[in-house]
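Reviewing the structure listed below.
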Amino acid sequence: MTALQAAPRTVRRRPRRGVVLRVLPALVLIAVAVAGPWLAPHAIDTPVAAPYAEPGGKAVLGGDQLGRDVLSRLLAGGRELIGTSLLVAALVTVTAALLGVLGALRPAVGRVVERAADVLMLLPAVLGILLIALSWPGGGRFAVIAAAVVMGVPYAVRLVAGAAAPVAAAGYIEAAAVGGERLWHLVVREVLPNLRATLLALFGLRFVAAVYIVATAGFLQVGPQPPAADWALMIRENSGGIVLNPWAVLAPSIAIGLLAMSVNLAASALVPQTGRKVGTAL
């Protein structure tokens, strides 16, 4: 007589070709953005056409409000946004991972972290950006990074704490604690390796959120300042001439959207799928 017996969860690998196809757009876009300043056909601060000139001639995407080449500024404007967003996503993910797992292992600490997260989650994103960025000495990109991290950690901590709670309650964690293992050993060596899928998904989500926050800060001019080439700043500067040359606004808007979608797609493709392995027992 045979019976089905459920075995522990196993990790199923995605088809390699599918993973490559989903990761490739993000890699291509990031590579173009990083190399963009060297690929730009014109200097980003030199007028090559009339203000808001239509596409054609020396300006493939037309001119901006000062007659500068939109394509050149588009190619040069993505590197800082991507670098800032990646840094913010990494900082938020690492901070949330440590605080969330620590809170799951130490309930008293977890309650304090959750209450602090609840208070920060009540603060609107735009208001938080303005409060932090404008009060930061000198403002600039570091102020935007600080604002994005502060605004992103509360949501991320909630997610990590929920995923870490069942792992922290597992028997092998209790056995390791009884055996005298230090707290940081439990956090780094025992719990975090079991949250790899959650942290990869979280990184992708926080990158998209960071792109939104950094772009919003640029649009509000609390980050990069003119004449810097920045996608969000380009949208703000050229919004008044969208009827004359729509590409001055559409091109950076499309670039921001493609960046957020492609990186999120790549992060979801790298998340390992879990399932239950079903076997037979005699």
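All residue names refer to the structure tokens as shown: chains lettered A, B, ... in order, residues numbered from 1 in each chain, ligands numbered from 1 in order.
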DSSP helix (DSSP H, G or I) residues within stretch 147-252 of chain A, listed as a PDB file with N, CA and C atoms, in the first residue's frame:
```pdb
ATOM      1  N   ALA A 147      16.373  61.006   3.122  1.00  0.00           N
ATOM      2  CA  ALA A 147      14.907  61.046   3.124  1.00  0.00           C
ATOM      3  C   ALA A 147      14.324  59.745   2.585  1.00  0.00           C
ATOM      4  N   ALA A 148      14.907  59.225   1.503  1.00  0.00           N
ATOM      5  CA  ALA A 148      14.391  57.996   0.906  1.00  0.00           C
ATOM      6  C   ALA A 148      14.564  56.804   1.844  1.00  0.00           C
ATOM      7  N   VAL A 149      15.682  56.751   2.561  1.00  0.00           N
ATOM      8  CA  VAL A 149      15.914  55.645   3.500  1.00  0.00           C
ATOM      9  C   VAL A 149      14.935  55.723   4.668  1.00  0.00           C
ATOM     10  N   VAL A 150      14.773  56.923   5.223  1.00  0.00           N
ATOM     11  CA  VAL A 150      13.860  57.088   6.357  1.00  0.00           C
ATOM     12  C   VAL A 150      12.428  56.748   5.960  1.00  0.00           C
ATOM     13  N   MET A 151      12.019  57.128   4.757  1.00  0.00           N
ATOM     14  CA  MET A 151      10.656  56.867   4.320  1.00  0.00           C
ATOM     15  C   MET A 151      10.449  55.409   3.913  1.00  0.00           C
ATOM     16  N   GLY A 152      11.511  54.714   3.535  1.00  0.00           N
ATOM     17  CA  GLY A 152      11.362  53.343   3.053  1.00  0.00           C
ATOM     18  C   GLY A 152      11.499  52.261   4.108  1.00  0.00           C
ATOM     19  N   VAL A 153      12.271  52.524   5.158  1.00  0.00           N
ATOM     20  CA  VAL A 153      12.531  51.500   6.170  1.00  0.00           C
ATOM     21  C   VAL A 153      11.272  51.019   6.895  1.00  0.00           C
ATOM     22  N   PRO A 154      10.343  51.893   7.301  1.00  0.00           N
ATOM     23  CA  PRO A 154       9.177  51.394   8.058  1.00  0.00           C
ATOM     24  C   PRO A 154       8.379  50.316   7.335  1.00  0.00           C
ATOM     25  N   TYR A 155       8.089  50.518   6.049  1.00  0.00           N
ATOM     26  CA  TYR A 155       7.345  49.514   5.300  1.00  0.00           C
ATOM     27  C   TYR A 155       8.150  48.217   5.171  1.00  0.00           C
ATOM     28  N   ALA A 156       9.450  48.361   4.913  1.00  0.00           N
ATOM     29  CA  ALA A 156      10.291  47.186   4.725  1.00  0.00           C
ATOM     30  C   ALA A 156      10.425  46.388   6.020  1.00  0.00           C
ATOM     31  N   VAL A 157      10.532  47.069   7.156  1.00  0.00           N
ATOM     32  CA  VAL A 157      10.650  46.381   8.438  1.00  0.00           C
ATOM     33  C   VAL A 157       9.411  45.534   8.707  1.00  0.00           C
ATOM     34  N   ARG A 158       8.248  46.068   8.419  1.00  0.00           N
ATOM     35  CA  ARG A 158       7.010  45.325   8.609  1.00  0.00           C
ATOM     36  C   ARG A 158       7.021  44.035   7.790  1.00  0.00           C
ATOM     37  N   LEU A 159       7.452  44.134   6.545  1.00  0.00           N
ATOM     38  CA  LEU A 159       7.477  42.967   5.670  1.00  0.00           C
ATOM     39  C   LEU A 159       8.461  41.917   6.167  1.00  0.00           C
ATOM     40  N   VAL A 160       9.678  42.341   6.522  1.00  0.00           N
ATOM     41  CA  VAL A 160      10.692  41.394   6.976  1.00  0.00           C
ATOM     42  C   VAL A 160      10.280  40.753   8.296  1.00  0.00           C
ATOM     43  N   ALA A 161       9.730  41.549   9.212  1.00  0.00           N
ATOM     44  CA  ALA A 161       9.323  41.000  10.503  1.00  0.00           C
ATOM     45  C   ALA A 161       8.256  39.928  10.340  1.00  0.00           C
ATOM     46  N   GLY A 162       7.302  40.153   9.433  1.00  0.00           N
ATOM     47  CA  GLY A 162       6.274  39.144   9.189  1.00  0.00           C
ATOM     48  C   GLY A 162       6.838  37.866   8.600  1.00  0.00           C
ATOM     49  N   ALA A 163       7.821  37.991   7.707  1.00  0.00           N
ATOM     50  CA  ALA A 163       8.432  36.798   7.114  1.00  0.00           C
ATOM     51  C   ALA A 163       9.369  36.094   8.084  1.00  0.00           C
ATOM     52  N   ALA A 164       9.998  36.847   8.998  1.00  0.00           N
ATOM     53  CA  ALA A 164      10.964  36.254   9.921  1.00  0.00           C
ATOM     54  C   ALA A 164      10.311  35.595  11.120  1.00  0.00           C
ATOM     55  N   ALA A 165       9.077  35.973  11.448  1.00  0.00           N
ATOM     56  CA  ALA A 165       8.427  35.449  12.646  1.00  0.00           C
ATOM     57  C   ALA A 165       8.328  33.926  12.656  1.00  0.00           C
ATOM     58  N   PRO A 166       7.819  33.262  11.604  1.00  0.00           N
ATOM     59  CA  PRO A 166       7.760  31.789  11.646  1.00  0.00           C
ATOM     60  C   PRO A 166       9.128  31.129  11.660  1.00  0.00           C
ATOM     61  N   VAL A 167      10.118  31.772  11.017  1.00  0.00           N
ATOM     62  CA  VAL A 167      11.471  31.204  11.028  1.00  0.00           C
ATOM     63  C   VAL A 167      12.060  31.297  12.427  1.00  0.00           C
ATOM     64  N   ALA A 168      11.848  32.440  13.104  1.00  0.00           N
ATOM     65  CA  ALA A 168      12.390  32.624  14.445  1.00  0.00           C
ATOM     66  C   ALA A 168      11.767  31.670  15.451  1.00  0.00           C
ATOM     67  N   GLY A 171      12.147  25.214  15.546  1.00  0.00           N
ATOM     68  CA  GLY A 171      12.845  24.471  16.583  1.00  0.00           C
ATOM     69  C   GLY A 171      14.348  24.604  16.523  1.00  0.00           C
ATOM     70  N   TYR A 172      14.921  24.655  15.314  1.00  0.00           N
ATOM     71  CA  TYR A 172      16.388  24.714  15.243  1.00  0.00           C
ATOM     72  C   TYR A 172      16.911  26.062  15.727  1.00  0.00           C
ATOM     73  N   ILE A 173      16.093  27.122  15.627  1.00  0.00           N
ATOM     74  CA  ILE A 173      16.502  28.420  16.163  1.00  0.00           C
ATOM     75  C   ILE A 173      16.536  28.357  17.687  1.00  0.00           C
ATOM     76  N   GLU A 174      15.514  27.751  18.274  1.00  0.00           N
ATOM     77  CA  GLU A 174      15.485  27.607  19.724  1.00  0.00           C
ATOM     78  C   GLU A 174      16.642  26.738  20.207  1.00  0.00           C
ATOM     79  N   ALA A 175      16.940  25.687  19.451  1.00  0.00           N
ATOM     80  CA  ALA A 175      18.058  24.818  19.829  1.00  0.00           C
ATOM     81  C   ALA A 175      19.379  25.573  19.770  1.00  0.00           C
ATOM     82  N   ALA A 176      19.550  26.405  18.744  1.00  0.00           N
ATOM     83  CA  ALA A 176      20.787  27.182  18.639  1.00  0.00           C
ATOM     84  C   ALA A 176      20.898  28.187  19.771  1.00  0.00           C
ATOM     85  N   ALA A 177      19.771  28.808  20.158  1.00  0.00           N
ATOM     86  CA  ALA A 177      19.794  29.767  21.258  1.00  0.00           C
ATOM     87  C   ALA A 177      20.114  29.084  22.583  1.00  0.00           C
ATOM     88  N   VAL A 178      19.502  27.918  22.794  1.00  0.00           N
ATOM     89  CA  VAL A 178      19.787  27.167  24.018  1.00  0.00           C
ATOM     90  C   VAL A 178      21.237  26.708  24.038  1.00  0.00           C
ATOM     91  N   LEU A 183      23.327  36.397  19.663  1.00  0.00           N
ATOM     92  CA  LEU A 183      22.175  36.942  18.948  1.00  0.00           C
ATOM     93  C   LEU A 183      22.513  37.228  17.497  1.00  0.00           C
ATOM     94  N   TRP A 184      23.675  37.849  17.245  1.00  0.00           N
ATOM     95  CA  TRP A 184      24.015  38.192  15.873  1.00  0.00           C
ATOM     96  C   TRP A 184      24.278  36.950  15.037  1.00  0.00           C
ATOM     97  N   HIS A 185      24.725  35.865  15.668  1.00  0.00           N
ATOM     98  CA  HIS A 185      24.865  34.611  14.940  1.00  0.00           C
ATOM     99  C   HIS A 185      23.492  34.102  14.506  1.00  0.00           C
ATOM    100  N   LEU A 186      22.512  34.205  15.381  1.00  0.00           N
ATOM    101  CA  LEU A 186      21.163  33.768  15.038  1.00  0.00           C
ATOM    102  C   LEU A 186      20.588  34.623  13.908  1.00  0.00           C
ATOM    103  N   VAL A 187      20.860  35.927  13.961  1.00  0.00           N
ATOM    104  CA  VAL A 187      20.327  36.826  12.939  1.00  0.00           C
ATOM    105  C   VAL A 187      20.965  36.558  11.583  1.00  0.00           C
ATOM    106  N   VAL A 188      22.301  36.536  11.553  1.00  0.00           N
ATOM    107  CA  VAL A 188      23.031  36.499  10.281  1.00  0.00           C
ATOM    108  C   VAL A 188      23.164  35.086   9.723  1.00  0.00           C
ATOM    109  N   ARG A 189      23.378  34.112  10.582  1.00  0.00           N
ATOM    110  CA  ARG A 189      23.671  32.754  10.099  1.00  0.00           C
ATOM    111  C   ARG A 189      22.460  31.825  10.094  1.00  0.00           C
ATOM    112  N   GLU A 190      21.475  32.105  10.920  1.00  0.00           N
ATOM    113  CA  GLU A 190      20.364  31.164  11.038  1.00  0.00           C
ATOM    114  C   GLU A 190      19.082  31.653  10.363  1.00  0.00           C
ATOM    115  N   VAL A 191      18.720  32.918  10.576  1.00  0.00           N
ATOM    116  CA  VAL A 191      17.427  33.408  10.078  1.00  0.00           C
ATOM    117  C   VAL A 191      17.547  34.035   8.692  1.00  0.00           C
ATOM    118  N   LEU A 192      18.480  34.952   8.501  1.00  0.00           N
ATOM    119  CA  LEU A 192      18.572  35.672   7.234  1.00  0.00           C
ATOM    120  C   LEU A 192      18.740  34.770   6.012  1.00  0.00           C
ATOM    121  N   PRO A 193      19.550  33.696   6.069  1.00  0.00           N
ATOM    122  CA  PRO A 193      19.641  32.831   4.883  1.00  0.00           C
ATOM    123  C   PRO A 193      18.306  32.238   4.450  1.00  0.00           C
ATOM    124  N   ASN A 194      17.357  32.098   5.365  1.00  0.00           N
ATOM    125  CA  ASN A 194      16.050  31.555   5.019  1.00  0.00           C
ATOM    126  C   ASN A 194      15.093  32.614   4.485  1.00  0.00           C
ATOM    127  N   LEU A 195      15.540  33.863   4.422  1.00  0.00           N
ATOM    128  CA  LEU A 195      14.700  34.953   3.938  1.00  0.00           C
ATOM    129  C   LEU A 195      15.206  35.514   2.612  1.00  0.00           C
ATOM    130  N   ARG A 196      16.007  34.730   1.904  1.00  0.00           N
ATOM    131  CA  ARG A 196      16.618  35.243   0.672  1.00  0.00           C
ATOM    132  C   ARG A 196      15.573  35.656  -0.352  1.00  0.00           C
ATOM    133  N   ALA A 197      14.542  34.844  -0.528  1.00  0.00           N
ATOM    134  CA  ALA A 197      13.499  35.176  -1.499  1.00  0.00           C
ATOM    135  C   ALA A 197      12.780  36.465  -1.107  1.00  0.00           C
ATOM    136  N   THR A 198      12.464  36.598   0.165  1.00  0.00           N
ATOM    137  CA  THR A 198      11.781  37.800   0.639  1.00  0.00           C
ATOM    138  C   THR A 198      12.652  39.039   0.457  1.00  0.00           C
ATOM    139  N   LEU A 199      13.940  38.926   0.752  1.00  0.00           N
ATOM    140  CA  LEU A 199      14.823  40.081   0.658  1.00  0.00           C
ATOM    141  C   LEU A 199      15.068  40.483  -0.790  1.00  0.00           C
ATOM    142  N   LEU A 200      15.148  39.518  -1.708  1.00  0.00           N
ATOM    143  CA  LEU A 200      15.301  39.852  -3.126  1.00  0.00           C
ATOM    144  C   LEU A 200      14.075  40.583  -3.649  1.00  0.00           C
ATOM    145  N   ALA A 201      12.903  40.062  -3.287  1.00  0.00           N
ATOM    146  CA  ALA A 201      11.669  40.738  -3.699  1.00  0.00           C
ATOM    147  C   ALA A 201      11.585  42.128  -3.075  1.00  0.00           C
ATOM    148  N   LEU A 202      11.988  42.237  -1.819  1.00  0.00           N
ATOM    149  CA  LEU A 202      11.961  43.522  -1.133  1.00  0.00           C
ATOM    150  C   LEU A 202      12.907  44.514  -1.805  1.00  0.00           C
ATOM    151  N   PHE A 203      14.082  44.048  -2.203  1.00  0.00           N
ATOM    152  CA  PHE A 203      15.041  44.938  -2.866  1.00  0.00           C
ATOM    153  C   PHE A 203      14.451  45.505  -4.150  1.00  0.00           C
ATOM    154  N   GLY A 204      13.791  44.663  -4.936  1.00  0.00           N
ATOM    155  CA  GLY A 204      13.173  45.148  -6.159  1.00  0.00           C
ATOM    156  C   GLY A 204      12.100  46.182  -5.888  1.00  0.00           C
ATOM    157  N   LEU A 205      11.255  45.915  -4.895  1.00  0.00           N
ATOM    158  CA  LEU A 205      10.198  46.867  -4.551  1.00  0.00           C
ATOM    159  C   LEU A 205      10.763  48.179  -4.029  1.00  0.00           C
ATOM    160  N   ARG A 206      11.788  48.085  -3.192  1.00  0.00           N
ATOM    161  CA  ARG A 206      12.363  49.312  -2.636  1.00  0.00           C
ATOM    162  C   ARG A 206      13.121  50.099  -3.697  1.00  0.00           C
ATOM    163  N   PHE A 207      13.670  49.428  -4.703  1.00  0.00           N
ATOM    164  CA  PHE A 207      14.318  50.159  -5.786  1.00  0.00           C
ATOM    165  C   PHE A 207      13.283  50.986  -6.544  1.00  0.00           C
ATOM    166  N   VAL A 208      12.141  50.368  -6.847  1.00  0.00           N
ATOM    167  CA  VAL A 208      11.076  51.100  -7.540  1.00  0.00           C
ATOM    168  C   VAL A 208      10.613  52.286  -6.692  1.00  0.00           C
ATOM    169  N   ALA A 209      10.432  52.053  -5.384  1.00  0.00           N
ATOM    170  CA  ALA A 209      10.025  53.142  -4.500  1.00  0.00           C
ATOM    171  C   ALA A 209      11.095  54.224  -4.427  1.00  0.00           C
ATOM    172  N   ALA A 210      12.369  53.813  -4.445  1.00  0.00           N
ATOM    173  CA  ALA A 210      13.454  54.791  -4.395  1.00  0.00           C
ATOM    174  C   ALA A 210      13.483  55.635  -5.663  1.00  0.00           C
ATOM    175  N   VAL A 211      13.243  55.014  -6.809  1.00  0.00           N
ATOM    176  CA  VAL A 211      13.172  55.770  -8.056  1.00  0.00           C
ATOM    177  C   VAL A 211      12.073  56.826  -7.965  1.00  0.00           C
ATOM    178  N   TYR A 212      10.937  56.430  -7.411  1.00  0.00           N
ATOM    179  CA  TYR A 212       9.820  57.368  -7.251  1.00  0.00           C
ATOM    180  C   TYR A 212      10.202  58.517  -6.314  1.00  0.00           C
ATOM    181  N   ILE A 213      10.806  58.201  -5.187  1.00  0.00           N
ATOM    182  CA  ILE A 213      11.143  59.247  -4.218  1.00  0.00           C
ATOM    183  C   ILE A 213      12.231  60.162  -4.761  1.00  0.00           C
ATOM    184  N   VAL A 214      13.269  59.587  -5.376  1.00  0.00           N
ATOM    185  CA  VAL A 214      14.362  60.400  -5.911  1.00  0.00           C
ATOM    186  C   VAL A 214      13.857  61.268  -7.052  1.00  0.00           C
ATOM    187  N   ALA A 215      12.997  60.696  -7.914  1.00  0.00           N
ATOM    188  CA  ALA A 215      12.437  61.487  -9.008  1.00  0.00           C
ATOM    189  C   ALA A 215      11.533  62.594  -8.481  1.00  0.00           C
ATOM    190  N   THR A 216      10.761  62.295  -7.447  1.00  0.00           N
ATOM    191  CA  THR A 216       9.913  63.327  -6.846  1.00  0.00           C
ATOM    192  C   THR A 216      10.759  64.448  -6.255  1.00  0.00           C
ATOM    193  N   ALA A 217      11.845  64.083  -5.578  1.00  0.00           N
ATOM    194  CA  ALA A 217      12.730  65.096  -5.019  1.00  0.00           C
ATOM    195  C   ALA A 217      13.348  65.955  -6.118  1.00  0.00           C
ATOM    196  N   GLY A 218      13.735  65.308  -7.220  1.00  0.00           N
ATOM    197  CA  GLY A 218      14.279  66.077  -8.330  1.00  0.00           C
ATOM    198  C   GLY A 218      13.245  67.011  -8.942  1.00  0.00           C
ATOM    199  N   PHE A 219      12.001  66.523  -9.047  1.00  0.00           N
ATOM    200  CA  PHE A 219      10.937  67.365  -9.585  1.00  0.00           C
ATOM    201  C   PHE A 219      10.670  68.561  -8.677  1.00  0.00           C
ATOM    202  N   TRP A 231      16.831  63.147 -15.023  1.00  0.00           N
ATOM    203  CA  TRP A 231      15.569  62.849 -15.700  1.00  0.00           C
ATOM    204  C   TRP A 231      14.398  63.593 -15.056  1.00  0.00           C
ATOM    205  N   ALA A 232      14.294  63.553 -13.738  1.00  0.00           N
ATOM    206  CA  ALA A 232      13.189  64.240 -13.066  1.00  0.00           C
ATOM    207  C   ALA A 232      13.290  65.753 -13.249  1.00  0.00           C
ATOM    208  N   LEU A 233      14.499  66.281 -13.192  1.00  0.00           N
ATOM    209  CA  LEU A 233      14.693  67.715 -13.388  1.00  0.00           C
ATOM    210  C   LEU A 233      14.331  68.120 -14.816  1.00  0.00           C
ATOM    211  N   MET A 234      14.611  67.247 -15.783  1.00  0.00           N
ATOM    212  CA  MET A 234      14.238  67.521 -17.166  1.00  0.00           C
ATOM    213  C   MET A 234      12.724  67.647 -17.315  1.00  0.00           C
ATOM    214  N   ILE A 235      11.980  66.791 -16.611  1.00  0.00           N
ATOM    215  CA  ILE A 235      10.515  66.853 -16.685  1.00  0.00           C
ATOM    216  C   ILE A 235      10.023  68.190 -16.148  1.00  0.00           C
ATOM    217  N   ARG A 236      10.569  68.616 -15.031  1.00  0.00           N
ATOM    218  CA  ARG A 236      10.143  69.895 -14.435  1.00  0.00           C
ATOM    219  C   ARG A 236      10.519  71.072 -15.328  1.00  0.00           C
ATOM    220  N   GLU A 237      11.742  71.075 -15.824  1.00  0.00           N
ATOM    221  CA  GLU A 237      12.224  72.215 -16.598  1.00  0.00           C
ATOM    222  C   GLU A 237      11.462  72.387 -17.912  1.00  0.00           C
ATOM    223  N   ASN A 238      11.069  71.280 -18.525  1.00  0.00           N
ATOM    224  CA  ASN A 238      10.500  71.349 -19.872  1.00  0.00           C
ATOM    225  C   ASN A 238       8.983  71.183 -19.916  1.00  0.00           C
ATOM    226  N   SER A 239       8.350  71.106 -18.747  1.00  0.00           N
ATOM    227  CA  SER A 239       6.899  70.900 -18.736  1.00  0.00           C
ATOM    228  C   SER A 239       6.152  72.049 -19.408  1.00  0.00           C
ATOM    229  N   GLY A 240       6.707  73.249 -19.349  1.00  0.00           N
ATOM    230  CA  GLY A 240       6.033  74.386 -19.968  1.00  0.00           C
ATOM    231  C   GLY A 240       6.023  74.337 -21.480  1.00  0.00           C
ATOM    232  N   GLY A 241       6.924  73.594 -22.093  1.00  0.00           N
ATOM    233  CA  GLY A 241       6.980  73.522 -23.552  1.00  0.00           C
ATOM    234  C   GLY A 241       6.606  72.168 -24.099  1.00  0.00           C
ATOM    235  N   TRP A 247       8.905  65.500 -26.659  1.00  0.00           N
ATOM    236  CA  TRP A 247       9.967  64.551 -26.295  1.00  0.00           C
ATOM    237  C   TRP A 247      10.839  65.058 -25.155  1.00  0.00           C
ATOM    238  N   ALA A 248      10.867  66.356 -24.947  1.00  0.00           N
ATOM    239  CA  ALA A 248      11.655  66.893 -23.832  1.00  0.00           C
ATOM    240  C   ALA A 248      11.102  66.435 -22.490  1.00  0.00           C
ATOM    241  N   VAL A 249       9.810  66.082 -22.448  1.00  0.00           N
ATOM    242  CA  VAL A 249       9.176  65.589 -21.233  1.00  0.00           C
ATOM    243  C   VAL A 249       8.909  64.088 -21.316  1.00  0.00           C
ATOM    244  N   LEU A 250       8.473  63.622 -22.486  1.00  0.00           N
ATOM    245  CA  LEU A 250       8.125  62.209 -22.628  1.00  0.00           C
ATOM    246  C   LEU A 250       9.340  61.301 -22.509  1.00  0.00           C
ATOM    247  N   ALA A 251      10.473  61.708 -23.085  1.00  0.00           N
ATOM    248  CA  ALA A 251      11.658  60.846 -23.081  1.00  0.00           C
ATOM    249  C   ALA A 251      12.133  60.528 -21.654  1.00  0.00           C
ATOM    250  N   PRO A 252      12.346  61.512 -20.785  1.00  0.00           N
ATOM    251  CA  PRO A 252      12.753  61.164 -19.413  1.00  0.00           C
ATOM    252  C   PRO A 252      11.648  60.451 -18.632  1.00  0.00           C
TER     253      PRO A 252
END
```
Residues near A:Arg68, anyone? I mean within 8 Å using only C-alpha atoms, not counting same-chain ones fewer than 2 positions away, as a ChimeraX atom specification. /A:44-49,51,63-66,70,73
Kindly save the residues from that selection, with N, CA and C atoms included, as a compact mmCIF listing (two decimals), in the first residue's frame.
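Saved to selection11.txt:
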```txt
# COMPACT_ATOMS: atom_id res chain seq x y z
N ILE A 44 26.13 68.52 -22.57
CA ILE A 44 24.80 68.63 -21.98
C ILE A 44 24.40 70.07 -21.69
N ASP A 45 25.34 71.00 -21.66
CA ASP A 45 25.03 72.39 -21.33
C ASP A 45 25.24 73.35 -22.49
N THR A 46 25.37 72.80 -23.72
CA THR A 46 25.61 73.64 -24.90
C THR A 46 24.38 73.65 -25.80
N PRO A 47 23.80 74.81 -26.10
CA PRO A 47 22.65 74.87 -27.01
C PRO A 47 23.06 74.45 -28.43
N VAL A 48 22.24 73.61 -29.03
CA VAL A 48 22.50 73.15 -30.40
C VAL A 48 21.31 73.44 -31.31
N ALA A 49 20.23 73.97 -30.77
CA ALA A 49 19.04 74.25 -31.56
C ALA A 49 18.27 75.37 -30.87
N PRO A 51 15.17 76.97 -28.69
CA PRO A 51 14.42 76.44 -27.54
C PRO A 51 13.18 75.68 -27.98
N GLY A 63 15.14 70.06 -28.97
CA GLY A 63 15.83 70.85 -27.96
C GLY A 63 14.97 71.07 -26.73
N ASP A 64 15.62 71.42 -25.62
CA ASP A 64 14.88 71.70 -24.38
C ASP A 64 14.60 73.20 -24.29
N GLN A 65 14.31 73.68 -23.08
CA GLN A 65 13.90 75.07 -22.93
C GLN A 65 15.02 76.04 -23.26
N LEU A 66 16.27 75.58 -23.25
CA LEU A 66 17.41 76.42 -23.60
C LEU A 66 18.04 76.04 -24.93
N VAL A 70 18.15 67.23 -26.20
CA VAL A 70 17.40 66.40 -25.26
C VAL A 70 18.02 65.01 -25.17
N ARG A 73 21.15 65.04 -22.94
CA ARG A 73 20.80 65.18 -21.52
C ARG A 73 20.10 63.93 -21.00
```
I'd like the neighbourhood of A:Leu258 as a list in words, where a residue qualifies if any of its atoms comes within 9 Å (using only C-alpha atoms), though same-chain residues fewer than 3 positions away should be ignored. Pro25, Ala26, Leu29, Ser253, Ile254, Ala255, Met261, Ser262 and Val263 of chain A
I want to know what sits within 10 Å of A:Ile30, based on only C-alpha atoms, with residues of the same chain fewer than 5 positions away left out; could you give that as a VMD selection string? chain A and resid 24 to 25 35 to 36 78 to 79 82 to 83 259 262 to 263
Once you count only C-alpha atoms, what closest atom pair and distance in Å to one decimal does each residue of stretch 13-100 of chain A within 12 Å of stretch 106-129 of chain A have, with rows by chain and rising residue number, as CSV?
```
residue,atom,partner,partner_atom,distance
A:Thr95,CA,A:Val113,CA,11.7
A:Ala96,CA,A:Val113,CA,10.1
A:Leu98,CA,A:Val113,CA,11.2
A:Leu99,CA,A:Val113,CA,7.3
A:Gly100,CA,A:Gly110,CA,7.3
```
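Minimum atom-to-atom distances from A:Leu130, A:Ile256, A:Ala266, A:Ile145 to A:Leu86 were compared using only C-alpha atoms, and the lowest value belongs to A:Ile145.
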Between atom CA of A:Leu71 and atom CA of A:Leu27, what is the distance in Å, rounded to a tenth?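 Here the two named atoms are 20.1 Å from each other.
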Could you give me the residues within stretch 57-119 of chain A that DSSP places in strand (DSSP E or B), as a VMD selection string? chain A and resid 59 63 68 to 69
Keeping only N, CA, C and O atoms, write the selected residues to a file as a PDB file, in the first residue's frame.
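Final output, out.pdb:
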```
ATOM      1  N   ALA A  59      19.719  67.667 -33.289  1.00  0.00           N
ATOM      2  CA  ALA A  59      19.002  67.217 -32.091  1.00  0.00           C
ATOM      3  C   ALA A  59      17.972  66.158 -32.489  1.00  0.00           C
ATOM      4  O   ALA A  59      16.900  66.495 -33.007  1.00  0.00           O
ATOM      5  N   GLY A  63      15.137  70.059 -28.966  1.00  0.00           N
ATOM      6  CA  GLY A  63      15.825  70.848 -27.962  1.00  0.00           C
ATOM      7  C   GLY A  63      14.967  71.072 -26.729  1.00  0.00           C
ATOM      8  O   GLY A  63      13.741  70.930 -26.768  1.00  0.00           O
ATOM      9  N   ARG A  68      19.188  73.026 -25.622  1.00  0.00           N
ATOM     10  CA  ARG A  68      20.166  71.952 -25.457  1.00  0.00           C
ATOM     11  C   ARG A  68      19.603  70.638 -25.990  1.00  0.00           C
ATOM     12  O   ARG A  68      18.387  70.439 -26.009  1.00  0.00           O
ATOM     13  N   ASP A  69      20.493  69.747 -26.398  1.00  0.00           N
ATOM     14  CA  ASP A  69      20.079  68.481 -27.005  1.00  0.00           C
ATOM     15  C   ASP A  69      19.404  67.588 -25.966  1.00  0.00           C
ATOM     16  O   ASP A  69      20.028  67.197 -24.963  1.00  0.00           O
TER      17      ASP A  69
END
```
Nearest to A:Ala40: which of A:Leu75, A:Gly57, A:Gly18, A:Leu270 is it, counting only C-alpha atoms? A:Leu75
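Proximity ranking of A:Arg22, A:Leu105, A:Ala76, A:Ala146 relative to A:Arg182 places A:Leu105 first, based on only C-alpha atoms.
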Tell me which protein, DNA and RNA residues are within 8 Å of A:Leu244, counting only C-alpha atoms, leaving out same-chain ones fewer than 3 positions away, and put them as a list in words.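 Within the cut-off, the hits are Tyr52, Ala53, Glu54 and Gly241 of chain A.
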